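Visitor: Can you keep this structure in mind? I'll have questions shortly.
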Amino acid sequence: MRSGNSKDAIKWDFAEHLKYNMGVDSYSATEQDRFMALANAVRDRLINQWLQTQRTHHEKGVKRVYYLSLEFLMGRAMGNNVINAGFEEAVRDAMEELGYSFEEMREQEVDAGLGNGGLGRLAACFLDSLATLDLPAFGYGLRYDYGIFRQGVENGHQVEHPDDWLRNGNPWEIERPEVSVPVNFGGRVQAVQNAKGQTVYQWVDTDQVIGVAFDTPIVGFGGKTVNTLRLWSARANEEFSFHEFNEGDYVEAVADKVHAENLTKVLYPNDKLYLGKELRLKQQYFFVACSLADIIRRFKKSGKKWKDLPSMAAIQLNDTHPSVAVAELMRILMDHEGLTWETAWDITVKTLGYTNHTLMPEALEKWAVPMFEKLLPRHLQIIYEINHRFLSQVAIKFPGNTQKLADMSIIEEGNPKQIRMAYLAIVGSHSTNGVAALHTELLKSRLVPNFAQMWPNRFNNKTNGITQRRFLLKANPPLAKLITDTIGNGWVTNMAELKKLLPYAEDTAFRKQFAAVKAQAKQALADQVLRETGWVIETDRIFDVQIKRIHEYKRQLLNALHIIILYNRIKAGKTKGLLPRTFIFGGKAAPGYAMAKLIIKLINNISNVVNNDPDVNKYLQVYFLPNYRVSLAEKIIPAADVSEQISTAGTEASGTGNMKFMANGALTLGTLDGANIEIREEAGDENCFIFGLTADEVEELRPTYDPYKYYLENQEIKDALDLLFSGHFNFGEPNIFEPIRHTLFEGGDNYFHLADLASYTAAQDKVVAQYADQDTWVRKAIINVATSGKFSSDRTIAEYAKDIWDVKPCAIDLNTEGEETLIEATKRK
Ligand SMILES: *Cc1c(COP(=O)(O)O)cnc(C)c1O
């Protein structure tokens, strides 16, 4: 009854969990209890394949991928688990026969929000693709007690609430107290002679924290491979506190315990912003130490020789956040395992790969040497030695060039000296990849040209992707059904098959069905918003959507300025050709990022004025939907007509939101930035709306850029800015938007809002003109879906597997073991 996939077996297991796990009956059971009981019943059905997968990988001695990421933005698991495991219908029917709606039950699930934005969601999509492609893989991360904050909006301002996501328990994870890793901090290094007279280094007098593993099953589509996401939680070292206790200071011992456990208390809520905080470095090292110890323990069980580590393990570093792994792996191999520097280095470089996610200087991690030395003295020694040996290679490559030595040094001179973690990651790994074609080119030409010159073959591109299982099959059932009814379901595991839809763009009946599906998604979103906020969104309009972290480089402000231009046009009676439009925004600002928070306030204030003015709201509605997160993205994206991807060219490494929209039939309105370039290549220029300066043009303009010029030369731009800074949208809140005026003018408008505003407005005008011709619009929307296949994370992962990891699929047999063998299998052997 715990493994059968029939409707009746699921009902039985659900009822059992409700009674014997949750301890409730039909009178006392809450919706939350029923969700938990169902989640447990679903998890039961993943266990057989989970064990089967791990057993098979072990027995076959396969090479595994280890994806190390400080963030996993998983969202909800219920929907994807039942779809991938193949019993969605049975679960839905079982619940319906008991009188419950599966859809409503799913709404009880809190998002696992252990990430900020695109980087964390990419890690989550990768896990889905790795399992679906039958690749042996572990995701490693931290089990933060508090994920990304819950965003509230009060009087238009963002307010942050703690995300206590584990409050009701997490039905998907299994705690593994037996998998615990001691992690050291602080102390000092002593050099001693070993028996052979060699100098060896011991890290002593450290403080210790224990990492405990929590495992979550990751089911691939088809339900055969079930990989593991292993998250580490910090626990106090019992012996350490016991020692204090014996000395009589019980309270201090308990306080220390709390202190140690604070390590994994909370996710840092910054996206693409480096702060240099000690607690963050502790998190990073704790994470890396736990994960590498676990990987090494598993490798040792294989009985292979150290030189075989690279043929058994591919470790991918998601950004520089885990890049202290370079030094930690060297330390383990030398100080614990007794390998020579040369051997350890060869193994380290061959095992590690590094993914760069941004070129923006404020995001690049550089740890101050004194702080790093205090926490990780042995690692600092190792990094100095890596740098020393590396710089002698540089000196050979660029003879007599002392500038190159300073430029390329892993240690940046200054007060204090700083460790350039991106350089450490490049030097210490065999592969450095960017995440879209343009980004990889800029990485090589602008960020680290010397490294690209030194090791051209280390650099490669892996354009990001998204999993179509979550962002189309699960998020948009009516569209998924229409597609499958039309071309079959091959696209679910081979997204390139969406190409088969191309001929149907010319099919009137299909276009009609496609348009109906889009209308249905708009209605579903409007219903959801009404339930959650009480707002009434008109659905018979263009849905123009910008959802992503709030960041100046992403230019929500550009979108807002265009809305003010529209407002002025409507107020001036220039409504000819205007179609009713709903602008939807969503996104969190880092709590310390004042300008991003002010942009949220501006959007909300514009929303207030626009939505409440009957002259205007006929044409224009503006909504900021609070608490953007994965589960909300899944509801908004299917409803979108226009996908706003308007970052300043050269700033968005890839973007993945853009891909989700494309797959759901929204047309991209975007700059030639990140993966937008590749989206245009796939969809065709005529099926998206591209505007603005190119990355090269931005750099060319930068030295002489004068935002005033654009303000003075364009009447609509001048009128919009004059209106904004006249206080029209902040009546009773004098001068609150002054920092925006300042950044656009005196501040030099670093993100070129004013330079791009005219071409953005022209592109928006084209959107409306195009939408007026519904037939043509729907044809373009279909073509977007049909050509979105490249942006599957399955394609991305297949490329990593081949070019970087050299890992092969491992077929997993279906475990058909019945429960009659359960007792037999449990007997002492
Ligand atoms: C996809 C996704 C992102 C990334 O969006 P971009 O537009 O690429 O920045 C961020 N947050 C959530 C919740 C997502 O689902």
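We label chains A, B, ... in the order they appear in the structure tokens, count residues from 1 in each chain, and number ligands from 1 in the order shown.
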Would you list the residues that come within 8 Å of ligand 1? Count only C-alpha atoms and all ligand atoms and give the answer as a list of chain:residue names.

Guide: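 Result of the 8 Å neighbour search around ligand 1: A:Leu73, A:Gly75, A:Asn116, A:Gly117, A:Gly118, A:Leu119, A:Arg121, A:Leu122, A:Ile466, A:Gln546, A:Ile547, A:Lys548, A:Arg549, A:Lys554, A:Gly587, A:Tyr628, A:Arg629, A:Val630, A:Ser631, A:Leu632, A:Ala633, A:Glu634, A:Gln645, A:Ser654, A:Gly655, A:Thr656, A:Gly657, A:Asn658, A:Lys660.
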
Visitor: Using only C-alpha atoms, which residues sit within 10 Å of Ile411 of chain A once same-chain residues fewer than 6 positions away are excluded, as a list in words?

Guide: Lys366, Trp367, Ala368, Val369, Ile383, Tyr384, Asn387, His388, Lys417, Gln418, Ile419, Arg420, Met421, Tyr423 and Leu424 of chain A

Visitor: Export N, CA and C atoms of the chosen residues as a compact mmCIF listing (two decimals), in the first residue's frame?

Guide:
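Wrote it out as out.txt, contents follow:
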```
# COMPACT_ATOMS: atom_id res chain seq x y z
N LYS A 366 35.42 39.06 -3.06
CA LYS A 366 36.84 39.29 -2.71
C LYS A 366 36.91 39.29 -1.20
N TRP A 367 37.50 38.26 -0.63
CA TRP A 367 37.54 38.19 0.84
C TRP A 367 38.78 38.89 1.38
N ALA A 368 38.57 39.72 2.37
CA ALA A 368 39.68 40.41 3.03
C ALA A 368 40.59 39.36 3.67
N VAL A 369 41.89 39.48 3.40
CA VAL A 369 42.84 38.49 3.88
C VAL A 369 42.83 38.33 5.41
N ILE A 383 46.22 29.00 -0.50
CA ILE A 383 45.91 29.95 -1.58
C ILE A 383 47.16 30.76 -1.95
N TYR A 384 47.96 31.16 -0.95
CA TYR A 384 49.20 31.87 -1.26
C TYR A 384 50.13 31.00 -2.12
N ASN A 387 48.86 30.77 -5.60
CA ASN A 387 49.12 32.03 -6.29
C ASN A 387 50.59 32.12 -6.70
N HIS A 388 51.45 31.74 -5.78
CA HIS A 388 52.88 31.78 -6.06
C HIS A 388 53.21 30.94 -7.30
N LYS A 417 44.58 43.51 1.95
CA LYS A 417 44.68 42.67 0.75
C LYS A 417 43.40 41.86 0.63
N GLN A 418 43.06 41.49 -0.60
CA GLN A 418 41.84 40.73 -0.80
C GLN A 418 42.09 39.53 -1.70
N ILE A 419 41.34 38.47 -1.45
CA ILE A 419 41.44 37.27 -2.29
C ILE A 419 40.38 37.35 -3.38
N ARG A 420 40.81 37.32 -4.62
CA ARG A 420 39.86 37.40 -5.75
C ARG A 420 39.35 35.98 -6.03
N MET A 421 38.14 35.72 -5.58
CA MET A 421 37.65 34.34 -5.60
C MET A 421 37.39 33.84 -7.03
N TYR A 423 39.24 34.52 -9.59
CA TYR A 423 40.54 34.09 -10.12
C TYR A 423 40.93 32.75 -9.53
N LEU A 424 40.67 32.58 -8.24
CA LEU A 424 40.97 31.30 -7.59
C LEU A 424 40.20 30.18 -8.28
```

Visitor: Quick one: pick out all helix (DSSP H, G or I) residues within segment 272-386 of chain A from a backbone DSSP run and write them as JSON, numbers by chain.

Guide: {"A": [278, 279, 280, 281, 282, 283, 284, 285, 286, 287, 288, 289, 290, 291, 292, 293, 294, 295, 296, 297, 298, 299, 300, 301, 306, 307, 308, 309, 310, 311, 312, 325, 326, 327, 328, 329, 330, 331, 332, 333, 334, 335, 336, 341, 342, 343, 344, 345, 346, 347, 348, 349, 350, 351, 361, 362, 363, 369, 370, 371, 372, 373, 374, 375, 377, 378, 379, 380, 381, 382, 383, 384, 385, 386]}

Visitor: So which one's closest to Ala515 of chain A, A:Ser101, A:Thr776, A:Thr582, A:Gln621? Using only C-alpha atoms, please.

Guide: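 Counting only C-alpha atoms, the residue closest to Ala515 of chain A is A:Thr776.
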
Visitor: Figure out the distance between atom CA of Phe791 of chain A and atom CA of Pro478 of chain A, please, to one decimal in Å.

Guide: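 These atoms are spaced 20.7 Å apart.
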
Visitor: Could you pull the residues within 10 Å of Thr467 of chain A, counting only C-alpha atoms, minus those fewer than 2 positions along the same chain, as number ranges by chain?

Guide: A: 122, 124-129, 465, 469-473, 492-493, 495, 659-660, 791-795

Visitor: As a short mmCIF file (atom, residue, chain, number, x, y, z; two decimals) with all heavy atoms, in the first residue's frame, please: the residues near Thr671 of chain A (cut-off 9 Å, only C-alpha atoms, same-chain neighbours under 5 positions excluded).

Guide:
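Contents of the output file around-v5.cif:
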```
data_model
loop_
_atom_site.label_atom_id
_atom_site.label_comp_id
_atom_site.auth_asym_id
_atom_site.auth_seq_id
_atom_site.Cartn_x
_atom_site.Cartn_y
_atom_site.Cartn_z
N GLN A 645 12.19 42.03 -20.97
CA GLN A 645 13.58 41.60 -20.72
C GLN A 645 14.49 42.75 -21.13
O GLN A 645 15.15 42.71 -22.16
CB GLN A 645 13.88 40.32 -21.51
CG GLN A 645 12.86 39.21 -21.31
CD GLN A 645 12.74 38.74 -19.85
OE1 GLN A 645 13.66 38.93 -19.04
NE2 GLN A 645 11.61 38.13 -19.52
N ILE A 646 14.51 43.80 -20.30
CA ILE A 646 14.95 45.11 -20.76
C ILE A 646 16.21 45.62 -20.06
O ILE A 646 16.42 46.82 -19.95
CB ILE A 646 13.79 46.12 -20.63
CG1 ILE A 646 13.32 46.22 -19.18
CG2 ILE A 646 12.61 45.70 -21.52
CD1 ILE A 646 12.18 47.26 -18.98
N SER A 647 17.04 44.69 -19.58
CA SER A 647 18.29 45.06 -18.93
C SER A 647 19.19 45.86 -19.87
O SER A 647 19.12 45.71 -21.10
CB SER A 647 19.02 43.79 -18.50
OG SER A 647 19.13 42.90 -19.60
N THR A 648 20.05 46.69 -19.29
CA THR A 648 21.06 47.40 -20.08
C THR A 648 21.96 46.36 -20.74
O THR A 648 22.47 45.46 -20.06
CB THR A 648 21.92 48.27 -19.16
OG1 THR A 648 21.06 49.01 -18.30
CG2 THR A 648 22.79 49.22 -19.98
N ALA A 649 22.14 46.47 -22.06
CA ALA A 649 22.92 45.44 -22.77
C ALA A 649 24.29 45.29 -22.12
O ALA A 649 24.97 46.28 -21.81
CB ALA A 649 23.04 45.79 -24.24
N ASN A 676 18.59 36.80 -24.53
CA ASN A 676 17.63 37.42 -25.47
C ASN A 676 18.16 37.31 -26.89
O ASN A 676 17.40 37.14 -27.85
CB ASN A 676 17.43 38.91 -25.17
CG ASN A 676 16.83 39.17 -23.79
OD1 ASN A 676 16.39 38.23 -23.13
ND2 ASN A 676 16.81 40.42 -23.38
N ILE A 677 19.48 37.44 -27.03
CA ILE A 677 20.10 37.38 -28.34
C ILE A 677 19.81 36.03 -28.99
O ILE A 677 19.46 35.95 -30.18
CB ILE A 677 21.62 37.61 -28.22
CG1 ILE A 677 21.87 39.07 -27.78
CG2 ILE A 677 22.34 37.30 -29.53
CD1 ILE A 677 23.33 39.38 -27.50
N PHE A 689 10.46 41.80 -30.14
CA PHE A 689 10.60 43.25 -30.24
C PHE A 689 11.91 43.64 -29.56
O PHE A 689 12.01 43.66 -28.34
CB PHE A 689 9.42 43.94 -29.55
CG PHE A 689 8.08 43.54 -30.12
CD1 PHE A 689 7.37 42.48 -29.58
CD2 PHE A 689 7.55 44.20 -31.22
CE1 PHE A 689 6.16 42.08 -30.10
CE2 PHE A 689 6.33 43.80 -31.76
CZ PHE A 689 5.63 42.74 -31.21
N ILE A 690 12.90 43.90 -30.39
CA ILE A 690 14.24 44.21 -29.88
C ILE A 690 14.46 45.71 -30.00
O ILE A 690 14.10 46.33 -31.00
CB ILE A 690 15.31 43.43 -30.68
CG1 ILE A 690 15.08 41.92 -30.55
CG2 ILE A 690 16.72 43.82 -30.25
CD1 ILE A 690 15.25 41.35 -29.16
N PHE A 691 15.03 46.29 -28.97
CA PHE A 691 15.29 47.74 -28.99
C PHE A 691 16.59 48.02 -28.25
O PHE A 691 17.16 47.14 -27.59
CB PHE A 691 14.13 48.49 -28.30
CG PHE A 691 14.12 48.28 -26.81
CD1 PHE A 691 14.77 49.18 -25.96
CD2 PHE A 691 13.51 47.17 -26.26
CE1 PHE A 691 14.79 48.97 -24.58
CE2 PHE A 691 13.52 46.95 -24.88
CZ PHE A 691 14.16 47.85 -24.05
N GLY A 692 17.02 49.26 -28.33
CA GLY A 692 18.07 49.76 -27.44
C GLY A 692 19.49 49.57 -27.92
O GLY A 692 19.76 48.96 -28.95
N LEU A 693 20.39 50.12 -27.13
CA LEU A 693 21.81 50.05 -27.43
C LEU A 693 22.30 48.61 -27.30
O LEU A 693 21.80 47.84 -26.48
CB LEU A 693 22.59 50.92 -26.44
CG LEU A 693 22.29 52.41 -26.43
CD1 LEU A 693 22.97 53.08 -25.22
CD2 LEU A 693 22.75 53.06 -27.73
N THR A 694 23.29 48.26 -28.11
CA THR A 694 23.96 46.96 -27.92
C THR A 694 25.03 47.11 -26.83
O THR A 694 25.36 48.23 -26.43
CB THR A 694 24.66 46.52 -29.22
OG1 THR A 694 25.69 47.48 -29.50
CG2 THR A 694 23.69 46.45 -30.39
N TYR A 760 12.76 52.24 -26.58
CA TYR A 760 11.85 51.36 -25.84
C TYR A 760 10.39 51.74 -26.11
O TYR A 760 9.54 50.88 -26.37
CB TYR A 760 12.16 51.45 -24.34
CG TYR A 760 11.28 50.63 -23.44
CD1 TYR A 760 11.14 49.26 -23.61
CD2 TYR A 760 10.58 51.22 -22.37
CE1 TYR A 760 10.34 48.49 -22.76
CE2 TYR A 760 9.79 50.47 -21.51
CZ TYR A 760 9.67 49.12 -21.72
OH TYR A 760 8.87 48.37 -20.87
#
```

Visitor: With 12 Å as the cut-off and only C-alpha atoms counted, what is the closest atom pair between each nearby residue of segment 454-536 of chain A and segment 351-361 of chain A? Distances in Å to one decimal, ordered by chain and number, as CSV.

Guide:
```
residue,atom,partner,partner_atom,distance
A:Arg458,CA,A:Gly353,CA,9.5
A:Phe459,CA,A:Tyr354,CA,9.8
A:Asn460,CA,A:Thr355,CA,9.6
A:Asn461,CA,A:Thr355,CA,9.4
A:Lys462,CA,A:Thr355,CA,8.9
A:Thr463,CA,A:Thr355,CA,11.0
A:Asn464,CA,A:His357,CA,10.3
```

Visitor: Write out as an NGL selection string each polymer residue whose atoms come within 7 Å of segment 589-601 of chain A, counting only C-alpha atoms; drop sequence neighbours fewer than 4 positions from it.

Guide: :A and (156-158 or 269-270 or 549-552 or 557 or 605)

Visitor: So that I have them on file, write out the residues from the current selection with C-alpha atoms, as a short mmCIF file (atom, residue, chain, number, x, y, z; two decimals), in the first residue's frame.

Guide:
```cif
data_model
loop_
_atom_site.label_atom_id
_atom_site.label_comp_id
_atom_site.auth_asym_id
_atom_site.auth_seq_id
_atom_site.Cartn_x
_atom_site.Cartn_y
_atom_site.Cartn_z
CA GLY A 156 3.63 50.90 -1.44
CA HIS A 157 6.80 50.01 0.44
CA GLN A 158 8.36 46.58 0.56
CA PRO A 269 18.89 37.94 0.56
CA ASN A 270 21.22 39.67 -1.90
CA ARG A 549 14.52 40.56 -8.82
CA ILE A 550 14.29 44.33 -8.56
CA HIS A 551 17.64 45.68 -9.63
CA GLU A 552 18.74 48.86 -11.35
CA LEU A 557 12.53 51.99 -13.86
CA ASN A 605 2.44 54.85 -6.44
#
```

Visitor: Return as JSON lines the residues of segment 330-423 of chain A lying at most 10 Å from segment 304-311 of chain A, together with the closest atom-to-atom pair for each and the distance in Å to one decimal, counting only C-alpha atoms, with rows in chain order and ascending residue number.

Guide:
```
{"residue": "A:Leu333", "atom": "CA", "partner": "A:Trp306", "partner_atom": "CA", "distance": 8.5}
{"residue": "A:Glu337", "atom": "CA", "partner": "A:Trp306", "partner_atom": "CA", "distance": 9.1}
{"residue": "A:Leu339", "atom": "CA", "partner": "A:Trp306", "partner_atom": "CA", "distance": 8.7}
{"residue": "A:Thr343", "atom": "CA", "partner": "A:Lys307", "partner_atom": "CA", "distance": 7.8}
{"residue": "A:Ala344", "atom": "CA", "partner": "A:Trp306", "partner_atom": "CA", "distance": 8.7}
{"residue": "A:Asp346", "atom": "CA", "partner": "A:Lys307", "partner_atom": "CA", "distance": 8.5}
{"residue": "A:Ile347", "atom": "CA", "partner": "A:Pro310", "partner_atom": "CA", "distance": 6.3}
{"residue": "A:Thr348", "atom": "CA", "partner": "A:Pro310", "partner_atom": "CA", "distance": 8.0}
{"residue": "A:Val349", "atom": "CA", "partner": "A:Pro310", "partner_atom": "CA", "distance": 8.8}
{"residue": "A:Lys350", "atom": "CA", "partner": "A:Pro310", "partner_atom": "CA", "distance": 5.7}
{"residue": "A:Thr351", "atom": "CA", "partner": "A:Pro310", "partner_atom": "CA", "distance": 4.7}
{"residue": "A:Leu352", "atom": "CA", "partner": "A:Pro310", "partner_atom": "CA", "distance": 8.5}
```

Visitor: Could you name the residues that touch Asn227 of chain A at 10 Å or less, counting only C-alpha atoms, but leaving out those on the same chain fewer than 4 positions away, as a list in words?

Guide: Gln49, Trp50, Leu51, Thr53, Gln54, Leu127, Asp128, Leu130, Ala131, Thr132, Asp134, Leu135, Pro136, Ala137, Phe138, Gly139, Asp215, Thr216, Pro217, Ile218, Val219 and Gly220 of chain A

Visitor: Please identify the strand (DSSP E) residues within segment 508-649 of chain A (assignment by DSSP from backbone atoms) and present them as a ChimeraX atom specification.

Guide: /A:542-547,581-586,620-624,642-645

Visitor: Point out the residue among A:Val326, A:Ala437, A:Val266, A:Leu281 with the least atom-to-atom distance to Glu681 of chain A, counting only C-alpha atoms.

Guide: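 Among the listed residues, the smallest separation from Glu681 of chain A belongs to A:Ala437.
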
Visitor: Work out how far apart atom CA of Val251 of chain A and atom CA of Leu267 of chain A are and give it in Å to one decimal.

Guide: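 Between these atoms lies a distance of 27.5 Å.
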